[in-house]
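File shown: structure-v2.cif (mmCIF, C-alpha atoms and all ligand atoms).
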data_target
#
loop_
_atom_site.label_atom_id
_atom_site.label_comp_id
_atom_site.auth_asym_id
_atom_site.auth_seq_id
_atom_site.Cartn_x
_atom_site.Cartn_y
_atom_site.Cartn_z
CA MET A 453 0.00 0.00 0.00
CA ALA A 454 1.55 3.29 -1.10
CA LYS A 455 1.91 5.82 1.68
CA LYS A 456 0.12 9.14 1.39
CA LEU A 457 2.43 12.13 1.45
CA ALA A 458 1.74 15.87 1.48
CA ALA A 459 5.09 17.47 0.69
CA GLY A 460 5.90 21.17 0.61
CA ASN A 461 8.86 22.56 -1.30
CA TRP A 462 9.72 26.06 -0.19
CA LYS A 463 12.28 26.44 -2.99
CA MET A 464 14.47 29.56 -2.46
CA ASN A 465 12.05 31.12 0.01
CA GLY A 466 12.22 31.48 3.76
CA THR A 467 14.30 32.92 6.56
CA SER A 468 14.20 32.24 10.29
CA GLU A 469 10.95 34.23 10.51
CA SER A 470 9.33 31.51 8.41
CA LEU A 471 9.73 29.00 11.24
CA SER A 472 6.48 30.39 12.62
CA GLU A 473 4.73 28.75 9.63
CA ILE A 474 6.08 25.39 10.76
CA ALA A 475 4.72 25.98 14.24
CA ALA A 476 1.35 26.95 12.75
CA LEU A 477 1.27 23.83 10.55
CA ILE A 478 2.03 21.61 13.53
CA ALA A 479 -0.66 23.35 15.57
CA ALA A 480 -3.18 22.76 12.76
CA HIS A 481 -2.22 19.08 12.43
CA PRO A 482 -1.07 17.83 15.82
CA ASN A 483 -1.57 14.20 14.80
CA PRO A 484 -1.78 13.92 11.00
CA SER A 485 -3.04 10.67 9.53
CA VAL A 486 -0.86 11.07 6.44
CA ASP A 487 2.86 11.79 6.09
CA VAL A 488 3.51 15.54 6.02
CA LEU A 489 6.82 16.92 4.82
CA LEU A 490 8.36 20.35 4.43
CA CYS A 491 11.48 21.00 2.40
CA PRO A 492 12.66 24.45 3.46
CA PRO A 493 15.93 25.93 2.23
CA ALA A 494 18.83 23.95 3.68
CA THR A 495 19.75 26.90 5.89
CA LEU A 496 16.56 26.30 7.90
CA ILE A 497 16.57 22.51 8.26
CA ALA A 498 18.38 22.37 11.60
CA ALA A 499 16.28 25.15 13.11
CA ALA A 500 13.10 23.58 11.72
CA SER A 501 14.11 20.28 13.28
CA THR A 502 14.47 21.97 16.66
CA ALA A 503 11.19 23.85 16.16
CA LYS A 504 9.18 20.74 15.36
CA GLY A 505 10.55 18.77 18.30
CA SER A 506 8.97 15.32 18.49
CA HIS A 507 6.15 16.10 16.04
CA ALA A 508 5.87 13.66 13.13
CA LEU A 509 6.39 16.40 10.52
CA GLY A 510 9.15 15.32 8.14
CA LEU A 511 11.86 17.64 6.88
CA GLY A 512 13.71 17.39 3.63
CA GLY A 513 16.36 18.99 1.47
CA GLN A 514 15.69 20.27 -2.04
CA ASP A 515 18.81 18.77 -3.63
CA CYS A 516 21.97 16.93 -2.65
CA HIS A 517 25.34 16.19 -4.19
CA ALA A 518 26.00 12.71 -5.53
CA ASN A 519 29.16 12.39 -3.44
CA VAL A 520 29.43 11.92 0.30
CA SER A 521 32.05 14.64 0.78
CA GLY A 522 34.84 16.40 -1.06
CA ALA A 523 35.89 19.54 -2.87
CA HIS A 524 32.49 20.72 -4.10
CA THR A 525 32.16 24.32 -2.99
CA GLY A 526 28.62 25.33 -2.18
CA ASP A 527 27.18 21.83 -2.40
CA LEU A 528 25.63 19.72 0.34
CA SER A 529 25.76 15.96 0.71
CA ALA A 530 22.81 13.80 1.65
CA GLN A 531 24.63 12.93 4.87
CA MET A 532 24.83 16.61 5.79
CA LEU A 533 21.10 17.03 5.21
CA LYS A 534 20.42 14.01 7.38
CA ASP A 535 22.73 15.36 10.05
CA ALA A 536 20.75 18.63 10.04
CA GLY A 537 17.47 16.79 10.60
CA ALA A 538 16.24 15.82 7.14
CA SER A 539 14.66 12.47 6.37
CA TYR A 540 13.87 13.21 2.71
CA VAL A 541 15.52 14.97 -0.21
CA ILE A 542 14.04 16.12 -3.51
CA VAL A 543 16.21 15.25 -6.51
CA GLY A 544 15.74 16.08 -10.17
CA HIS A 545 13.29 18.92 -9.74
CA SER A 546 12.76 20.54 -13.15
CA GLU A 547 14.20 23.79 -11.79
CA ARG A 548 17.46 21.91 -11.04
CA ARG A 549 17.34 20.16 -14.40
CA THR A 550 16.86 23.52 -16.17
CA ASP A 551 18.87 25.93 -14.02
CA HIS A 552 21.79 23.58 -13.38
CA GLY A 553 21.70 21.30 -16.42
CA GLU A 554 21.06 18.21 -14.33
CA THR A 555 20.65 15.05 -16.39
CA SER A 556 18.69 11.97 -15.42
CA ASP A 557 22.00 10.13 -14.95
CA LEU A 558 23.07 12.70 -12.37
CA VAL A 559 19.64 12.58 -10.73
CA ARG A 560 19.98 8.81 -10.41
CA ALA A 561 23.38 9.21 -8.75
CA LYS A 562 21.90 11.74 -6.34
CA ALA A 563 19.01 9.42 -5.53
CA GLU A 564 21.50 6.63 -4.81
CA ALA A 565 23.49 8.95 -2.54
CA ALA A 566 20.31 9.93 -0.76
CA THR A 567 19.22 6.42 0.02
CA GLN A 568 22.72 5.39 1.01
CA ALA A 569 22.62 8.21 3.57
CA GLY A 570 19.28 6.94 4.85
CA LEU A 571 17.11 9.59 3.23
CA THR A 572 13.98 8.95 1.18
CA ALA A 573 14.53 10.34 -2.32
CA ILE A 574 11.70 12.21 -4.02
CA ILE A 575 12.60 11.87 -7.69
CA CYS A 576 10.90 14.44 -9.94
CA ILE A 577 10.04 13.96 -13.58
CA GLY A 578 7.91 16.04 -15.92
CA GLU A 579 7.30 17.04 -19.51
CA THR A 580 7.47 20.52 -21.00
CA LEU A 581 4.48 22.06 -22.76
CA ALA A 582 6.16 21.57 -26.13
CA GLN A 583 6.66 17.87 -25.37
CA ARG A 584 3.02 17.50 -24.33
CA GLU A 585 1.80 19.31 -27.43
CA ALA A 586 3.97 17.05 -29.57
CA GLY A 587 2.31 13.98 -28.04
CA GLU A 588 5.56 12.89 -26.39
CA THR A 589 4.48 13.04 -22.75
CA LEU A 590 4.40 9.35 -21.88
CA ALA A 591 7.58 8.57 -23.82
CA ILE A 592 9.50 11.44 -22.19
CA LEU A 593 8.29 10.51 -18.72
CA ASP A 594 9.21 6.87 -19.18
CA GLU A 595 12.67 7.88 -20.36
CA GLN A 596 13.12 10.14 -17.33
CA LEU A 597 11.70 7.54 -14.96
CA GLN A 598 13.89 4.68 -16.18
CA ALA A 599 17.05 6.80 -16.20
CA SER A 600 16.46 8.72 -12.96
CA VAL A 601 15.37 5.88 -10.68
CA PRO A 602 18.22 3.65 -9.49
CA ASP A 603 18.02 -0.14 -9.73
CA SER A 604 18.36 -0.18 -5.95
CA ALA A 605 15.17 1.86 -5.46
CA THR A 606 12.40 0.44 -3.33
CA ALA A 607 9.00 1.80 -2.42
CA ALA A 608 10.32 2.34 1.10
CA THR A 609 13.19 4.57 -0.01
CA THR A 610 11.87 6.27 -3.11
CA VAL A 611 8.93 8.50 -4.00
CA ILE A 612 8.19 9.64 -7.55
CA ALA A 613 6.79 13.12 -8.20
CA TYR A 614 5.15 13.86 -11.54
CA GLU A 615 5.46 17.58 -12.15
CA PRO A 616 4.54 18.87 -15.59
CA VAL A 617 6.99 21.74 -16.13
CA TRP A 618 4.24 23.90 -17.61
CA ALA A 619 2.07 23.51 -14.50
CA ILE A 620 4.69 24.64 -11.99
CA GLY A 621 3.90 28.04 -10.56
CA THR A 622 1.58 28.89 -13.45
CA GLY A 623 -1.86 28.21 -12.00
CA LEU A 624 -2.36 25.71 -14.84
CA THR A 625 -3.03 22.06 -14.10
CA PRO A 626 -3.50 19.09 -16.39
CA THR A 627 -6.98 17.64 -16.62
CA GLU A 628 -7.86 14.83 -14.24
CA ALA A 629 -7.72 12.46 -17.22
CA GLN A 630 -4.22 13.65 -18.11
CA ILE A 631 -2.95 13.19 -14.55
CA GLY A 632 -4.66 9.81 -14.36
CA GLU A 633 -3.10 8.65 -17.61
CA VAL A 634 0.38 9.58 -16.44
CA HIS A 635 0.04 8.09 -12.96
CA ALA A 636 -1.36 4.84 -14.33
CA ALA A 637 1.59 4.65 -16.72
CA LEU A 638 4.09 5.32 -13.90
CA HIS A 639 2.42 2.72 -11.69
CA SER A 640 2.62 0.18 -14.49
CA ALA A 641 6.23 0.98 -15.42
CA LEU A 642 7.39 0.73 -11.81
CA GLY A 643 5.49 -2.52 -11.42
CA GLN A 644 7.16 -3.98 -14.49
CA ARG A 645 10.62 -2.93 -13.37
CA PHE A 646 10.45 -3.51 -9.64
CA GLY A 647 7.52 -5.83 -9.18
CA ASP A 648 6.13 -3.66 -6.43
CA GLY A 649 4.86 -0.73 -8.46
CA GLY A 650 1.73 -0.73 -6.39
CA ASP A 651 3.72 0.35 -3.37
CA PHE A 652 5.64 3.34 -4.73
CA SER A 653 4.10 6.64 -3.67
CA LEU A 654 3.33 8.76 -6.72
CA LEU A 655 2.93 12.48 -6.07
CA TYR A 656 1.46 15.04 -8.41
CA GLY A 657 3.01 18.52 -8.39
CA GLY A 658 2.18 21.74 -10.23
CA SER A 659 -0.19 24.46 -9.02
CA VAL A 660 -1.78 22.31 -6.31
CA LYS A 661 -3.83 24.40 -3.90
CA GLY A 662 -6.56 23.94 -1.36
CA SER A 663 -9.26 24.42 -3.97
CA ASN A 664 -8.10 21.65 -6.35
CA ALA A 665 -6.38 19.21 -3.96
CA ALA A 666 -9.41 16.99 -3.29
CA GLN A 667 -10.10 16.43 -7.01
CA ILE A 668 -6.44 15.61 -7.65
CA PHE A 669 -6.22 13.20 -4.70
CA ALA A 670 -9.30 11.34 -5.98
CA ILE A 671 -7.43 10.34 -9.16
CA PRO A 672 -6.27 6.69 -9.12
CA HIS A 673 -2.56 6.20 -8.32
CA VAL A 674 -2.18 9.74 -6.93
CA HIS A 675 -0.91 9.34 -3.38
CA GLY A 676 -0.22 12.95 -2.53
CA ALA A 677 1.30 16.16 -3.79
CA LEU A 678 4.54 18.06 -4.06
CA VAL A 679 3.46 21.62 -3.42
CA GLY A 680 5.45 24.77 -4.09
CA GLY A 681 3.82 28.16 -3.61
CA ALA A 682 0.92 26.90 -1.52
CA SER A 683 3.29 25.31 1.01
CA LEU A 684 4.85 28.56 2.14
CA LYS A 685 2.02 29.53 4.46
CA ALA A 686 0.46 27.06 6.88
CA ALA A 687 -2.94 28.57 6.10
CA ASP A 688 -2.54 27.52 2.45
CA PHE A 689 -0.84 24.16 3.03
CA SER A 690 -3.11 22.96 5.81
CA PRO A 691 -6.21 22.50 3.57
CA ILE A 692 -4.10 20.39 1.22
CA VAL A 693 -3.02 18.17 4.14
CA THR A 694 -6.63 17.89 5.22
CA ALA A 695 -7.77 17.01 1.68
CA LEU A 696 -5.20 14.20 1.58
CA GLU A 697 -6.32 12.93 4.98
CA GLN A 698 -9.89 12.78 3.67
CA ALA A 699 -9.03 11.23 0.30
O1 LIG A 701 8.07 21.41 -6.05
C1 LIG A 701 6.98 21.93 -6.26
C2 LIG A 701 6.50 22.19 -7.58
O2 LIG A 701 7.47 22.74 -8.40
C3 LIG A 701 5.17 22.84 -7.68
O3 LIG A 701 5.25 24.22 -7.48
P1 LIG A 701 3.86 25.07 -7.42
O4 LIG A 701 2.98 24.36 -6.45
O5 LIG A 701 4.29 26.41 -6.96
O6 LIG A 701 3.29 25.04 -8.80
#

Transcribe the structure of this file into structure tokens.
Ligand SMILES: O=C[C@H](O)COP(=O)(O)O
Amino acid sequence: MAKKLAAGNWKMNGTSESLSEIAALIAAHPNPSVDVLLCPPATLIAAASTAKGSHALGLGGQDCHANVSGAHTGDLSAQMLKDAGASYVIVGHSERRTDHGETSDLVRAKAEAATQAGLTAIICIGETLAQREAGETLAILDEQLQASVPDSATAATTVIAYEPVWAIGTGLTPTEAQIGEVHAALHSALGQRFGDGGDFSLLYGGSVKGSNAAQIFAIPHVHGALVGGASLKAADFSPIVTALEQA
């Protein structure tokens, strides 16, 4: 049974003042019935870990280096994120693929590093609008999935996030049928490769908000969301957590 996960990605947003949003989220969900995760900037992970105390809220990084340590100025290893209090790390977000030229081979190496450090890897894949309009969506996603997910991946250590690039931060979302088609294909591909495709958590990401979360979570093989803008404020993220709890 795939676990349900409401994950927030703060991207390059947040300073110590933002820790009050974590306190507010915890207050709104003292005992959540689904997994709830926030990925603040790495500078806040340790403080967020202290702020959350023993609450079940998970914390994650937004990227990690493929190596454990070394001469990589400005980078962070998965071990360092874990040491700061993270239990997850996002790898292969389209903003990393675009802004930093990350390939699926590199994403796979990062996912391996993450799981070796004991973190759950959230591996992101997604098509551009041009690829969707060219009818290439399923082929592109399968290519990204096969190349980005390590052979060592298991449902316990790996979460897949489908994020259409054109839906991120735009207010646009695919139709329910389009999301359903993709998630069914991912479920099937993971099942064929790993034999336990039914257990991998498959998140949808891209303009998820309180007003559309329930419809998205009702789609087969959608086990949660990776939320950007609407995760920054507890007041916006909390309804998404609630919608997942009720799905
Ligand atoms: O990681 C999160 C996604 O990029 C979605 O961002 P968004 O909810 O702001 O569209």

Would you mind listing the residues within 10 Å of ligand LIG 701 (chain A), counting only C-alpha atoms and all ligand atoms, as a count of residues only?
39

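Distance-wise, CA of Arg584 in chain A and CA of Asp651 in chain A end up 27.1 Å apart.
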
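Across the model, the gap from CA of Ile692 in chain A to CA of Cys516 in chain A is 26.6 Å.
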
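Among the candidate residues A:His507, A:Arg548, A:His481, A:Lys534, the one lying nearest to Val520 in chain A is A:Lys534, with distances computed using only C-alpha atoms.
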
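Taking all atoms listed in the file, the non-local environment of Gln568 in chain A within 10 Å (same-chain residues fewer than 4 positions away omitted) comprises Val520, Ala530, Gln531, Lys562, Ala563, Glu564, Thr572, Ser604 and Thr609 of chain A.
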
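When CA of Ile574 in chain A is paired with CA of Gly544 in chain A, their separation reads 8.3 Å.
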
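Residues within 12 Å of Ser472 in chain A, counting only C-alpha atoms and excluding same-chain residues fewer than 3 positions away, are Gly466, Thr467, Ser468, Glu469, Ala475, Ala476, Leu477, Ile478, Ala479, Leu496, Ala499, Ala500, Ala503, Lys504, Leu684, Lys685, Ala686 and Ala687 of chain A.
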
Please provide the set of residues having any atom within 8 Å of Pro672 in chain A, restricted to only C-alpha atoms, with same-chain residues fewer than 2 positions apart removed, written as a PyMOL selection string.
chain A and resi 632+635-636+669-670+674

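Considering the residues A:Ser529, A:Thr589, A:Thr606, A:Ser506 and counting all atoms listed in the file, Gly647 in chain A has its shortest atom-to-atom contact with A:Thr606.
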
Using only C-alpha atoms, can you list as a PyMOL selection string the residues within 6 Å of (15.1, 17.4, 4.3)?
chain A and resi 491+511-513+538-541

I'd like the neighbourhood of Lys455 in chain A as an MDAnalysis selection string, where a residue qualifies if any of its atoms comes within 10 Å (using all atoms listed in the file), though same-chain residues fewer than 5 positions away should be ignored.
chainID A and resid 486:487 607:608 611 651:654 675:676

Could you give me range 562-594 of chain A completed to N, CA and C atoms, formatted as a PDB file, in the frame of the given file?
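Listed below is the output, part_16.pdb:
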ATOM      1  N   LYS A 562      22.313  11.021  -7.552  1.00  0.00           N
ATOM      2  CA  LYS A 562      21.900  11.740  -6.340  1.00  0.00           C
ATOM      3  C   LYS A 562      20.900  10.919  -5.536  1.00  0.00           C
ATOM      4  N   ALA A 563      19.998  10.254  -6.236  1.00  0.00           N
ATOM      5  CA  ALA A 563      19.010   9.420  -5.530  1.00  0.00           C
ATOM      6  C   ALA A 563      19.719   8.266  -4.809  1.00  0.00           C
ATOM      7  N   GLU A 564      20.732   7.709  -5.463  1.00  0.00           N
ATOM      8  CA  GLU A 564      21.500   6.630  -4.810  1.00  0.00           C
ATOM      9  C   GLU A 564      22.203   7.162  -3.564  1.00  0.00           C
ATOM     10  N   ALA A 565      22.799   8.353  -3.695  1.00  0.00           N
ATOM     11  CA  ALA A 565      23.490   8.950  -2.540  1.00  0.00           C
ATOM     12  C   ALA A 565      22.506   9.208  -1.413  1.00  0.00           C
ATOM     13  N   ALA A 566      21.320   9.635  -1.773  1.00  0.00           N
ATOM     14  CA  ALA A 566      20.310   9.930  -0.760  1.00  0.00           C
ATOM     15  C   ALA A 566      19.940   8.682   0.023  1.00  0.00           C
ATOM     16  N   THR A 567      19.658   7.620  -0.693  1.00  0.00           N
ATOM     17  CA  THR A 567      19.220   6.420   0.020  1.00  0.00           C
ATOM     18  C   THR A 567      20.371   5.787   0.788  1.00  0.00           C
ATOM     19  N   GLN A 568      21.583   5.922   0.257  1.00  0.00           N
ATOM     20  CA  GLN A 568      22.720   5.390   1.010  1.00  0.00           C
ATOM     21  C   GLN A 568      22.918   6.149   2.321  1.00  0.00           C
ATOM     22  N   ALA A 569      22.511   7.417   2.332  1.00  0.00           N
ATOM     23  CA  ALA A 569      22.620   8.210   3.570  1.00  0.00           C
ATOM     24  C   ALA A 569      21.421   7.981   4.483  1.00  0.00           C
ATOM     25  N   GLY A 570      20.465   7.208   4.011  1.00  0.00           N
ATOM     26  CA  GLY A 570      19.280   6.940   4.850  1.00  0.00           C
ATOM     27  C   GLY A 570      18.139   7.898   4.633  1.00  0.00           C
ATOM     28  N   LEU A 571      18.204   8.673   3.555  1.00  0.00           N
ATOM     29  CA  LEU A 571      17.110   9.590   3.230  1.00  0.00           C
ATOM     30  C   LEU A 571      16.177   8.950   2.208  1.00  0.00           C
ATOM     31  N   THR A 572      14.913   9.319   2.244  1.00  0.00           N
ATOM     32  CA  THR A 572      13.980   8.950   1.180  1.00  0.00           C
ATOM     33  C   THR A 572      14.154   9.957   0.052  1.00  0.00           C
ATOM     34  N   ALA A 573      14.348   9.461  -1.154  1.00  0.00           N
ATOM     35  CA  ALA A 573      14.530  10.340  -2.320  1.00  0.00           C
ATOM     36  C   ALA A 573      13.183  10.586  -2.990  1.00  0.00           C
ATOM     37  N   ILE A 574      12.872  11.852  -3.211  1.00  0.00           N
ATOM     38  CA  ILE A 574      11.700  12.210  -4.020  1.00  0.00           C
ATOM     39  C   ILE A 574      12.228  12.573  -5.394  1.00  0.00           C
ATOM     40  N   ILE A 575      12.044  11.685  -6.347  1.00  0.00           N
ATOM     41  CA  ILE A 575      12.600  11.870  -7.690  1.00  0.00           C
ATOM     42  C   ILE A 575      11.540  12.514  -8.578  1.00  0.00           C
ATOM     43  N   CYS A 576      11.876  13.688  -9.134  1.00  0.00           N
ATOM     44  CA  CYS A 576      10.900  14.440  -9.940  1.00  0.00           C
ATOM     45  C   CYS A 576      11.121  14.195 -11.433  1.00  0.00           C
ATOM     46  N   ILE A 577      10.018  14.059 -12.121  1.00  0.00           N
ATOM     47  CA  ILE A 577      10.040  13.960 -13.580  1.00  0.00           C
ATOM     48  C   ILE A 577       8.886  14.822 -14.118  1.00  0.00           C
ATOM     49  N   GLY A 578       9.002  15.243 -15.366  1.00  0.00           N
ATOM     50  CA  GLY A 578       7.910  16.040 -15.920  1.00  0.00           C
ATOM     51  C   GLY A 578       8.207  16.477 -17.336  1.00  0.00           C
ATOM     52  N   GLU A 579       7.150  16.636 -18.108  1.00  0.00           N
ATOM     53  CA  GLU A 579       7.300  17.040 -19.510  1.00  0.00           C
ATOM     54  C   GLU A 579       7.115  18.547 -19.653  1.00  0.00           C
ATOM     55  N   THR A 580       7.703  19.116 -20.682  1.00  0.00           N
ATOM     56  CA  THR A 580       7.470  20.520 -21.000  1.00  0.00           C
ATOM     57  C   THR A 580       6.165  20.640 -21.809  1.00  0.00           C
ATOM     58  N   LEU A 581       5.707  21.854 -21.975  1.00  0.00           N
ATOM     59  CA  LEU A 581       4.480  22.060 -22.760  1.00  0.00           C
ATOM     60  C   LEU A 581       4.700  21.625 -24.209  1.00  0.00           C
ATOM     61  N   ALA A 582       5.884  21.946 -24.740  1.00  0.00           N
ATOM     62  CA  ALA A 582       6.160  21.570 -26.130  1.00  0.00           C
ATOM     63  C   ALA A 582       6.128  20.054 -26.291  1.00  0.00           C
ATOM     64  N   GLN A 583       6.666  19.345 -25.305  1.00  0.00           N
ATOM     65  CA  GLN A 583       6.660  17.870 -25.370  1.00  0.00           C
ATOM     66  C   GLN A 583       5.231  17.341 -25.282  1.00  0.00           C
ATOM     67  N   ARG A 584       4.417  17.955 -24.413  1.00  0.00           N
ATOM     68  CA  ARG A 584       3.020  17.500 -24.330  1.00  0.00           C
ATOM     69  C   ARG A 584       2.299  17.768 -25.642  1.00  0.00           C
ATOM     70  N   GLU A 585       2.507  18.963 -26.188  1.00  0.00           N
ATOM     71  CA  GLU A 585       1.800  19.310 -27.430  1.00  0.00           C
ATOM     72  C   GLU A 585       2.254  18.440 -28.604  1.00  0.00           C
ATOM     73  N   ALA A 586       3.471  17.931 -28.500  1.00  0.00           N
ATOM     74  CA  ALA A 586       3.970  17.050 -29.570  1.00  0.00           C
ATOM     75  C   ALA A 586       3.549  15.592 -29.345  1.00  0.00           C
ATOM     76  N   GLY A 587       2.774  15.350 -28.300  1.00  0.00           N
ATOM     77  CA  GLY A 587       2.310  13.980 -28.040  1.00  0.00           C
ATOM     78  C   GLY A 587       3.387  13.074 -27.466  1.00  0.00           C
ATOM     79  N   GLU A 588       4.418  13.690 -26.861  1.00  0.00           N
ATOM     80  CA  GLU A 588       5.560  12.890 -26.390  1.00  0.00           C
ATOM     81  C   GLU A 588       5.542  12.628 -24.886  1.00  0.00           C
ATOM     82  N   THR A 589       4.477  13.061 -24.213  1.00  0.00           N
ATOM     83  CA  THR A 589       4.480  13.040 -22.750  1.00  0.00           C
ATOM     84  C   THR A 589       4.862  11.685 -22.153  1.00  0.00           C
ATOM     85  N   LEU A 590       4.161  10.640 -22.526  1.00  0.00           N
ATOM     86  CA  LEU A 590       4.400   9.350 -21.880  1.00  0.00           C
ATOM     87  C   LEU A 590       5.792   8.813 -22.206  1.00  0.00           C
ATOM     88  N   ALA A 591       6.248   9.055 -23.436  1.00  0.00           N
ATOM     89  CA  ALA A 591       7.580   8.570 -23.820  1.00  0.00           C
ATOM     90  C   ALA A 591       8.671   9.316 -23.039  1.00  0.00           C
ATOM     91  N   ILE A 592       8.506  10.637 -22.926  1.00  0.00           N
ATOM     92  CA  ILE A 592       9.500  11.440 -22.190  1.00  0.00           C
ATOM     93  C   ILE A 592       9.526  11.036 -20.721  1.00  0.00           C
ATOM     94  N   LEU A 593       8.348  10.859 -20.141  1.00  0.00           N
ATOM     95  CA  LEU A 593       8.290  10.510 -18.720  1.00  0.00           C
ATOM     96  C   LEU A 593       8.880   9.136 -18.474  1.00  0.00           C
ATOM     97  N   ASP A 594       8.637   8.204 -19.380  1.00  0.00           N
ATOM     98  CA  ASP A 594       9.210   6.870 -19.180  1.00  0.00           C
ATOM     99  C   ASP A 594      10.725   6.924 -19.275  1.00  0.00           C
TER     100      ASP A 594
END
